[in-house]
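Okay, model.tsv is below, TSV, C-alpha atoms:
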chain	number	residue	atom	x	y	z
D	1	LEU	CA	51.58	-0.43	3.77
D	2	ASP	CA	50.33	-3.56	2.03
D	3	SER	CA	48.42	-2.86	-1.21
D	4	VAL	CA	46.67	0.13	0.33
D	5	SER	CA	44.04	1.91	-1.76
D	6	LYS	CA	41.69	4.73	-0.83
D	7	ILE	CA	38.68	5.33	-3.04
D	8	PHE	CA	36.13	8.06	-2.36
D	9	ASP	CA	32.61	7.42	-3.57
D	10	GLN	CA	31.54	10.16	-5.96
D	11	GLY	CA	28.59	8.44	-7.55
D	12	LYS	CA	29.31	7.27	-11.07
D	13	SER	CA	32.92	8.46	-10.94
D	14	PRO	CA	34.67	7.13	-7.81
D	15	LEU	CA	37.91	8.97	-7.00
D	16	THR	CA	40.99	6.81	-6.39
D	17	VAL	CA	43.37	8.83	-4.22
D	18	LEU	CA	45.73	6.01	-3.25
D	19	ASP	CA	46.24	3.07	-5.60
D	20	SER	CA	47.62	-0.21	-4.22
D	21	LEU	CA	50.48	1.37	-2.26
D	22	THR	CA	52.99	-1.07	-0.81
D	23	TYR	CA	55.87	0.38	1.18
D	24	THR	CA	57.74	-0.18	4.44
D	25	PHE	CA	58.65	2.83	6.54
D	26	GLY	CA	61.65	2.14	8.75
D	27	SER	CA	62.09	3.42	12.26
D	28	GLU	CA	65.12	5.68	12.67
D	29	GLU	CA	64.55	7.18	9.20
D	30	SER	CA	62.86	10.37	8.05
D	31	TYR	CA	60.54	10.69	5.06
D	32	ALA	CA	58.99	13.56	3.15
D	33	LEU	CA	55.65	12.85	1.45
D	34	THR	CA	55.33	15.30	-1.42
D	35	GLY	CA	52.93	15.89	-4.28
D	36	ALA	CA	50.45	18.39	-5.63
D	37	SER	CA	47.42	19.48	-3.64
D	38	GLY	CA	44.86	16.68	-3.74
D	39	SER	CA	47.50	14.00	-4.39
D	40	GLY	CA	46.60	12.14	-1.19
D	41	LYS	CA	49.33	13.23	1.24
D	42	SER	CA	46.97	14.04	4.09
D	43	THR	CA	44.86	10.97	3.39
D	44	LEU	CA	47.94	8.79	3.65
D	45	ILE	CA	49.01	10.38	6.95
D	46	HIS	CA	45.52	9.76	8.34
D	47	ILE	CA	45.62	6.12	7.22
D	48	LEU	CA	49.11	5.58	8.65
D	49	GLY	CA	47.94	7.05	11.94
D	50	GLY	CA	44.81	4.93	12.12
D	51	LEU	CA	42.54	7.96	11.85
D	52	ASP	CA	41.11	6.64	8.60
D	53	SER	CA	40.85	3.17	7.08
D	54	PRO	CA	41.94	2.10	3.61
D	55	THR	CA	39.27	1.01	1.14
D	56	GLN	CA	41.48	-1.94	0.30
D	57	GLY	CA	44.72	-3.30	1.73
D	58	SER	CA	46.21	-3.22	5.21
D	59	VAL	CA	48.47	-1.10	7.40
D	60	PHE	CA	50.80	-2.93	9.76
D	61	PHE	CA	52.71	-1.63	12.78
D	62	ASP	CA	55.14	-4.17	14.25
D	63	ASP	CA	53.36	-6.89	12.26
D	64	GLN	CA	49.95	-5.96	13.68
D	65	ASN	CA	47.11	-4.78	11.45
D	66	ILE	CA	46.18	-1.42	12.97
D	67	ASN	CA	42.69	-1.50	11.45
D	68	LYS	CA	41.90	-4.60	13.51
D	69	PHE	CA	42.98	-3.11	16.82
D	70	THR	CA	40.67	-3.32	19.81
D	71	THR	CA	39.67	-0.06	21.47
D	72	GLU	CA	42.44	-0.51	24.05
D	73	GLN	CA	45.06	-1.33	21.41
D	74	ARG	CA	44.03	1.70	19.35
D	75	SER	CA	44.33	3.99	22.36
D	76	LEU	CA	47.84	2.72	23.11
D	77	PHE	CA	48.83	3.04	19.46
D	78	LEU	CA	47.62	6.64	19.21
D	79	ASN	CA	48.98	7.77	22.57
D	80	ARG	CA	52.16	5.72	22.97
D	81	ASP	CA	53.41	4.31	19.67
D	82	ILE	CA	52.89	7.29	17.37
D	83	GLY	CA	52.73	11.05	17.61
D	84	LEU	CA	50.55	13.20	15.37
D	85	VAL	CA	51.12	16.82	14.37
D	86	PHE	CA	48.87	18.77	12.01
D	87	GLN	CA	48.96	22.14	10.27
D	88	GLU	CA	46.86	23.60	13.07
D	89	PRO	CA	48.24	22.90	16.58
D	90	MET	CA	44.86	21.67	17.91
D	91	LEU	CA	45.73	22.53	21.50
D	92	LEU	CA	42.94	22.53	24.07
D	93	ASN	CA	42.29	26.13	25.07
D	94	GLU	CA	40.58	25.00	28.27
D	95	LEU	CA	43.90	23.56	29.49
D	96	SER	CA	47.15	25.35	30.28
D	97	VAL	CA	50.22	24.83	28.11
D	98	ILE	CA	51.75	22.33	30.52
D	99	GLU	CA	48.47	20.44	30.86
D	100	ASN	CA	48.30	20.12	27.07
D	101	VAL	CA	51.83	18.67	27.01
D	102	MET	CA	51.10	16.23	29.86
D	103	LEU	CA	47.90	14.92	28.29
D	104	LYS	CA	49.25	11.92	26.38
D	105	GLY	CA	51.16	10.69	29.43
D	106	LEU	CA	48.12	10.94	31.66
D	107	ILE	CA	45.95	9.10	29.11
D	108	ILE	CA	48.17	6.01	29.28
D	109	GLY	CA	48.25	6.09	33.07
D	110	LYS	CA	51.56	7.75	33.91
D	111	ASN	CA	52.02	9.39	37.29
D	112	SER	CA	50.87	13.02	37.33
D	113	SER	CA	53.96	14.41	39.08
D	114	GLU	CA	56.27	12.53	36.69
D	115	CYS	CA	54.28	13.84	33.73
D	116	LYS	CA	54.59	17.39	35.03
D	117	LYS	CA	58.35	17.05	35.50
D	118	HIS	CA	58.79	15.65	31.99
D	119	ALA	CA	56.53	18.33	30.49
D	120	LEU	CA	58.60	21.08	32.15
D	121	GLU	CA	61.78	19.52	30.74
D	122	LEU	CA	60.31	19.51	27.24
D	123	LEU	CA	59.03	23.09	27.53
D	124	GLU	CA	62.46	24.18	28.81
D	125	ARG	CA	64.06	22.61	25.78
D	126	ILE	CA	61.86	24.52	23.34
D	127	GLY	CA	62.22	27.77	25.25
D	128	LEU	CA	58.65	27.97	26.50
D	129	VAL	CA	58.91	26.90	30.14
D	130	ASP	CA	57.92	30.45	31.15
D	131	LYS	CA	54.62	29.91	29.30
D	132	ALA	CA	53.77	26.68	31.17
D	133	ASP	CA	50.82	28.07	33.12
D	134	MET	CA	49.45	30.20	30.30
D	135	HIS	CA	46.68	29.17	27.94
D	136	PRO	CA	47.43	28.32	24.29
D	137	ARG	CA	45.48	31.24	22.85
D	138	SER	CA	48.01	33.63	24.42
D	139	LEU	CA	50.86	32.10	22.36
D	140	SER	CA	51.93	32.90	18.81
D	141	GLY	CA	51.26	30.39	16.03
D	142	GLY	CA	54.86	29.18	16.06
D	143	GLN	CA	54.84	28.79	19.84
D	144	GLN	CA	51.60	26.81	19.70
D	145	GLN	CA	53.07	24.51	17.07
D	146	ARG	CA	56.14	23.86	19.23
D	147	VAL	CA	53.86	22.94	22.13
D	148	ALA	CA	51.88	20.63	19.83
D	149	ILE	CA	55.11	18.91	18.79
D	150	VAL	CA	56.35	18.21	22.32
D	151	ARG	CA	52.86	17.00	23.23
D	152	ALA	CA	53.04	14.54	20.32
D	153	LEU	CA	56.53	13.49	21.42
D	154	PHE	CA	55.71	13.19	25.13
D	155	ASN	CA	55.77	9.37	25.24
D	156	ARG	CA	58.75	9.01	22.88
D	157	PRO	CA	56.76	7.42	20.05
D	158	ALA	CA	58.25	5.00	17.55
D	159	PHE	CA	57.01	7.26	14.73
D	160	LEU	CA	55.99	10.87	14.45
D	161	LEU	CA	53.51	11.65	11.65
D	162	ALA	CA	53.13	15.28	10.63
D	163	ASP	CA	50.68	16.74	8.11
D	164	GLU	CA	51.83	20.11	6.73
D	165	PRO	CA	53.28	21.18	10.11
D	166	THR	CA	54.74	24.39	8.63
D	167	GLY	CA	51.80	25.22	6.36
D	168	SER	CA	50.51	28.18	8.39
D	169	LEU	CA	53.91	29.48	9.50
D	170	ASP	CA	56.36	31.97	8.01
D	171	ASP	CA	59.62	30.61	6.56
D	172	LYS	CA	61.76	31.42	9.60
D	173	THR	CA	59.36	29.82	12.08
D	174	GLY	CA	58.82	26.87	9.74
D	175	SER	CA	62.57	26.29	9.64
D	176	ILE	CA	62.68	26.24	13.46
D	177	ILE	CA	59.88	23.65	13.53
D	178	ILE	CA	61.60	21.36	11.01
D	179	ASP	CA	64.92	21.64	12.84
D	180	LEU	CA	63.16	20.70	16.08
D	181	LEU	CA	61.53	17.64	14.51
D	182	CYS	CA	64.81	16.48	12.97
D	183	GLU	CA	66.66	17.00	16.25
D	184	TYR	CA	64.29	14.73	18.15
D	185	GLN	CA	64.22	12.21	15.30
D	186	ARG	CA	67.99	11.79	15.40
D	187	GLU	CA	68.30	11.86	19.19
D	188	TRP	CA	65.49	9.40	19.87
D	189	LYS	CA	66.08	7.25	16.76
D	190	MET	CA	62.47	7.76	15.81
D	191	GLY	CA	60.73	7.32	12.48
D	192	LEU	CA	59.55	10.65	11.05
D	193	ILE	CA	57.02	11.02	8.22
D	194	ILE	CA	56.08	14.53	7.11
D	195	ALA	CA	53.54	15.35	4.42
D	196	SER	CA	54.44	18.72	2.94
D	197	HIS	CA	54.86	20.72	-0.25
D	198	ASP	CA	57.62	22.74	1.45
D	199	SER	CA	61.06	22.21	-0.12
D	200	LEU	CA	62.55	22.90	3.31
D	201	VAL	CA	61.03	19.60	4.47
D	202	SER	CA	62.21	17.63	1.44
D	203	ASP	CA	65.77	18.88	1.85
D	204	ALA	CA	65.87	17.85	5.52
D	205	MET	CA	64.52	14.29	5.18
D	206	ASP	CA	66.45	11.08	4.46
D	207	LYS	CA	64.00	10.00	1.75
D	208	VAL	CA	61.47	11.78	-0.45
D	209	LEU	CA	58.33	9.95	-1.64
D	210	LYS	CA	56.29	11.79	-4.24
D	211	LEU	CA	52.62	10.90	-4.66
D	212	HIS	CA	51.26	11.13	-8.20
D	213	ASP	CA	48.11	9.45	-9.50
D	214	GLY	CA	47.83	7.47	-6.29
D	215	VAL	CA	51.29	5.88	-6.37
D	216	PHE	CA	54.80	6.73	-5.23
D	217	VAL	CA	57.11	8.20	-7.84
D	218	LEU	CA	60.53	7.43	-6.37

Please express what this file holds, its structure, as structure tokens.
Amino acid sequence: LDSVSKIFDQGKSPLTVLDSLTYTFGSEESYALTGASGSGKSTLIHILGGLDSPTQGSVFFDDQNINKFTTEQRSLFLNRDIGLVFQEPMLLNELSVIENVMLKGLIIGKNSSECKKHALELLERIGLVDKADMHPRSLSGGQQQRVAIVRALFNRPAFLLADEPTGSLDDKTGSIIIDLLCEYQREWKMGLIIASHDSLVSDAMDKVLKLHDGVFVL
């Protein structure tokens, strides 16, 4: 992040959610983004993931400004370089579980049979290989979130960005989700950034960044 600000136009009283944030997130490290509701956690995740643009400042990934990416560069960034997980799993109900997991591999042109093999391996690891041919709506909320996570991780991204991934889950299921994320983060030496108000997340991350009045309170 290089002097990143996000200002929402509210007529005479514009709302500054992020105020000149400058920070470098390192690969192989895990971060908790904390702060009160409305502090800008989700906005920051969206900006880091290229889903939203800063009002001012720039976001760089491997020294490239992500907001200046071409359509092809943006597609590769979203489907290869980063993974995104949200509070709601956002699985496609028209596709089976295994087809949902394979999706990111197919988008970047990987072989279908190789994608299927890898998807089965991932589903086996999270204990859902027996659900491979079912549709997401037949799974519990925690099961759907696990599928969403391995879909996001399918191409072994450099960073995984998660916005309140345990927000709609009970404590036990939430703990399973966080353990799963941390396990992959350590094994794959991946950067992990989770926006959450859950103390379970803060306790599990290497670093905690608290957002208050648009800036980090370290």

**Report entry** Shell of 10 Å around segment 79-87 of chain D, all atoms listed in the file, local chain residues under 4 positions omitted, as a VMD selection string
**Finding:** chain D and resid 42 45 to 46 48 to 50 61 73 to 75 103 to 108 145 to 146 148 to 169 190 to 196

What does the file look like for those residues with C-alpha atoms, as a tab-separated table (two decimals), in the frame of the given file?
chain	number	residue	atom	x	y	z
D	42	SER	CA	46.97	14.04	4.09
D	45	ILE	CA	49.01	10.38	6.95
D	46	HIS	CA	45.52	9.76	8.34
D	48	LEU	CA	49.11	5.58	8.65
D	49	GLY	CA	47.94	7.05	11.94
D	50	GLY	CA	44.81	4.93	12.12
D	61	PHE	CA	52.71	-1.63	12.78
D	73	GLN	CA	45.06	-1.33	21.41
D	74	ARG	CA	44.03	1.70	19.35
D	75	SER	CA	44.33	3.99	22.36
D	103	LEU	CA	47.90	14.92	28.29
D	104	LYS	CA	49.25	11.92	26.38
D	105	GLY	CA	51.16	10.69	29.43
D	106	LEU	CA	48.12	10.94	31.66
D	107	ILE	CA	45.95	9.10	29.11
D	108	ILE	CA	48.17	6.01	29.28
D	145	GLN	CA	53.07	24.51	17.07
D	146	ARG	CA	56.14	23.86	19.23
D	148	ALA	CA	51.88	20.63	19.83
D	149	ILE	CA	55.11	18.91	18.79
D	150	VAL	CA	56.35	18.21	22.32
D	151	ARG	CA	52.86	17.00	23.23
D	152	ALA	CA	53.04	14.54	20.32
D	153	LEU	CA	56.53	13.49	21.42
D	154	PHE	CA	55.71	13.19	25.13
D	155	ASN	CA	55.77	9.37	25.24
D	156	ARG	CA	58.75	9.01	22.88
D	157	PRO	CA	56.76	7.42	20.05
D	158	ALA	CA	58.25	5.00	17.55
D	159	PHE	CA	57.01	7.26	14.73
D	160	LEU	CA	55.99	10.87	14.45
D	161	LEU	CA	53.51	11.65	11.65
D	162	ALA	CA	53.13	15.28	10.63
D	163	ASP	CA	50.68	16.74	8.11
D	164	GLU	CA	51.83	20.11	6.73
D	165	PRO	CA	53.28	21.18	10.11
D	166	THR	CA	54.74	24.39	8.63
D	167	GLY	CA	51.80	25.22	6.36
D	168	SER	CA	50.51	28.18	8.39
D	169	LEU	CA	53.91	29.48	9.50
D	190	MET	CA	62.47	7.76	15.81
D	191	GLY	CA	60.73	7.32	12.48
D	192	LEU	CA	59.55	10.65	11.05
D	193	ILE	CA	57.02	11.02	8.22
D	194	ILE	CA	56.08	14.53	7.11
D	195	ALA	CA	53.54	15.35	4.42
D	196	SER	CA	54.44	18.72	2.94

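Interatomic distance, atom CA of Ser202 of chain D to atom CA of Ala32 of chain D: 5.5 Å.
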
Query - One-decimal distance in Å that lies between atom CA of Val59 of chain D and atom CA of Val215 of chain D - result: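 Straight-line distance from atom CA of Val215 of chain D to atom CA of Val59 of chain D works out to 15.7 Å.
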
Query - Close residues, Asp213 of chain D itself excluded, 8 Å, all atoms listed in the file, min 4 positions apart in chain, as a PyMOL selection string - result: chain D and resi 17-19+39

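Closest approach to Ser140 of chain D among D:His118, D:Gly35, D:Asp170, D:Lys110: D:Asp170, based on only C-alpha atoms.
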
Query - Residues within 12 Å of segment 12-14 of chain D, all atoms listed in the file, excluding chain neighbours under 5 positions, as a PyMOL selection string - result: chain D and resi 6-7+55

Query raised in the report: Do you have the atom CA of Val4 of chain D-atom CA of Lys207 of chain D distance handy?
Result: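 Taking atom CA of Val4 of chain D and atom CA of Lys207 of chain D, their separation equals 20.0 Å.
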
Where atoms are absent from segment 188-199 of chain D, fill them in so it carries all heavy atoms, then output it as a short mmCIF file (atom, residue, chain, number, x, y, z; two decimals), keeping the file's coordinate frame.
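Result file is rebuild.cif:
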data_model
loop_
_atom_site.label_atom_id
_atom_site.label_comp_id
_atom_site.auth_asym_id
_atom_site.auth_seq_id
_atom_site.Cartn_x
_atom_site.Cartn_y
_atom_site.Cartn_z
N TRP D 188 66.30 10.50 19.36
CA TRP D 188 65.49 9.40 19.87
C TRP D 188 65.40 8.23 18.90
O TRP D 188 64.70 7.25 19.17
CB TRP D 188 64.08 9.90 20.21
CG TRP D 188 64.04 10.81 21.39
CD1 TRP D 188 65.09 11.16 22.21
CD2 TRP D 188 62.90 11.51 21.90
NE1 TRP D 188 64.67 12.02 23.18
CE2 TRP D 188 63.33 12.25 23.03
CE3 TRP D 188 61.56 11.58 21.51
CZ2 TRP D 188 62.47 13.05 23.77
CZ3 TRP D 188 60.70 12.37 22.25
CH2 TRP D 188 61.14 13.09 23.37
N LYS D 189 66.10 8.33 17.76
CA LYS D 189 66.08 7.25 16.76
C LYS D 189 64.65 6.87 16.42
O LYS D 189 64.23 5.70 16.52
CB LYS D 189 66.89 6.04 17.24
CG LYS D 189 68.34 6.37 17.54
CD LYS D 189 69.14 5.14 17.90
CE LYS D 189 70.56 5.50 18.32
NZ LYS D 189 71.29 6.29 17.34
N MET D 190 63.91 7.87 16.03
CA MET D 190 62.47 7.76 15.81
C MET D 190 62.17 7.86 14.31
O MET D 190 62.85 8.59 13.59
CB MET D 190 61.80 8.92 16.57
CG MET D 190 60.33 9.13 16.34
SD MET D 190 59.78 10.61 17.29
CE MET D 190 60.64 11.93 16.40
N GLY D 191 61.18 7.14 13.85
CA GLY D 191 60.73 7.32 12.48
C GLY D 191 59.98 8.65 12.36
O GLY D 191 59.24 9.03 13.26
N LEU D 192 60.19 9.35 11.26
CA LEU D 192 59.55 10.65 11.05
C LEU D 192 58.99 10.70 9.63
O LEU D 192 59.71 10.49 8.67
CB LEU D 192 60.56 11.77 11.26
CG LEU D 192 60.11 13.21 10.98
CD1 LEU D 192 58.96 13.61 11.89
CD2 LEU D 192 61.28 14.18 11.15
N ILE D 193 57.68 10.94 9.52
CA ILE D 193 57.02 11.02 8.22
C ILE D 193 56.28 12.34 8.15
O ILE D 193 55.37 12.59 8.94
CB ILE D 193 56.04 9.85 8.01
CG1 ILE D 193 56.74 8.50 8.22
CG2 ILE D 193 55.43 9.91 6.61
CD1 ILE D 193 55.79 7.31 8.22
N ILE D 194 56.69 13.20 7.22
CA ILE D 194 56.08 14.53 7.11
C ILE D 194 55.48 14.71 5.72
O ILE D 194 56.17 14.57 4.70
CB ILE D 194 57.11 15.65 7.34
CG1 ILE D 194 57.79 15.49 8.71
CG2 ILE D 194 56.44 17.01 7.25
CD1 ILE D 194 58.82 16.57 9.01
N ALA D 195 54.19 15.00 5.67
CA ALA D 195 53.54 15.35 4.42
C ALA D 195 53.64 16.86 4.23
O ALA D 195 53.21 17.62 5.11
CB ALA D 195 52.07 14.93 4.44
N SER D 196 54.23 17.28 3.13
CA SER D 196 54.44 18.72 2.94
C SER D 196 54.78 19.01 1.49
O SER D 196 55.34 18.19 0.78
CB SER D 196 55.58 19.21 3.84
OG SER D 196 55.81 20.58 3.66
N HIS D 197 54.43 20.24 1.07
CA HIS D 197 54.86 20.72 -0.25
C HIS D 197 56.05 21.65 -0.10
O HIS D 197 56.53 22.22 -1.08
CB HIS D 197 53.71 21.45 -0.94
CG HIS D 197 53.25 22.67 -0.20
ND1 HIS D 197 52.29 22.61 0.79
CD2 HIS D 197 53.65 23.96 -0.27
CE1 HIS D 197 52.11 23.83 1.29
NE2 HIS D 197 52.92 24.66 0.67
N ASP D 198 56.54 21.81 1.13
CA ASP D 198 57.62 22.74 1.45
C ASP D 198 58.97 22.10 1.11
O ASP D 198 59.31 21.03 1.62
CB ASP D 198 57.55 23.08 2.94
CG ASP D 198 58.45 24.23 3.34
OD1 ASP D 198 59.39 24.54 2.58
OD2 ASP D 198 58.21 24.82 4.41
N SER D 199 59.75 22.75 0.26
CA SER D 199 61.06 22.21 -0.12
C SER D 199 62.00 22.12 1.08
O SER D 199 62.92 21.30 1.12
CB SER D 199 61.70 23.08 -1.21
OG SER D 199 61.90 24.40 -0.75
#
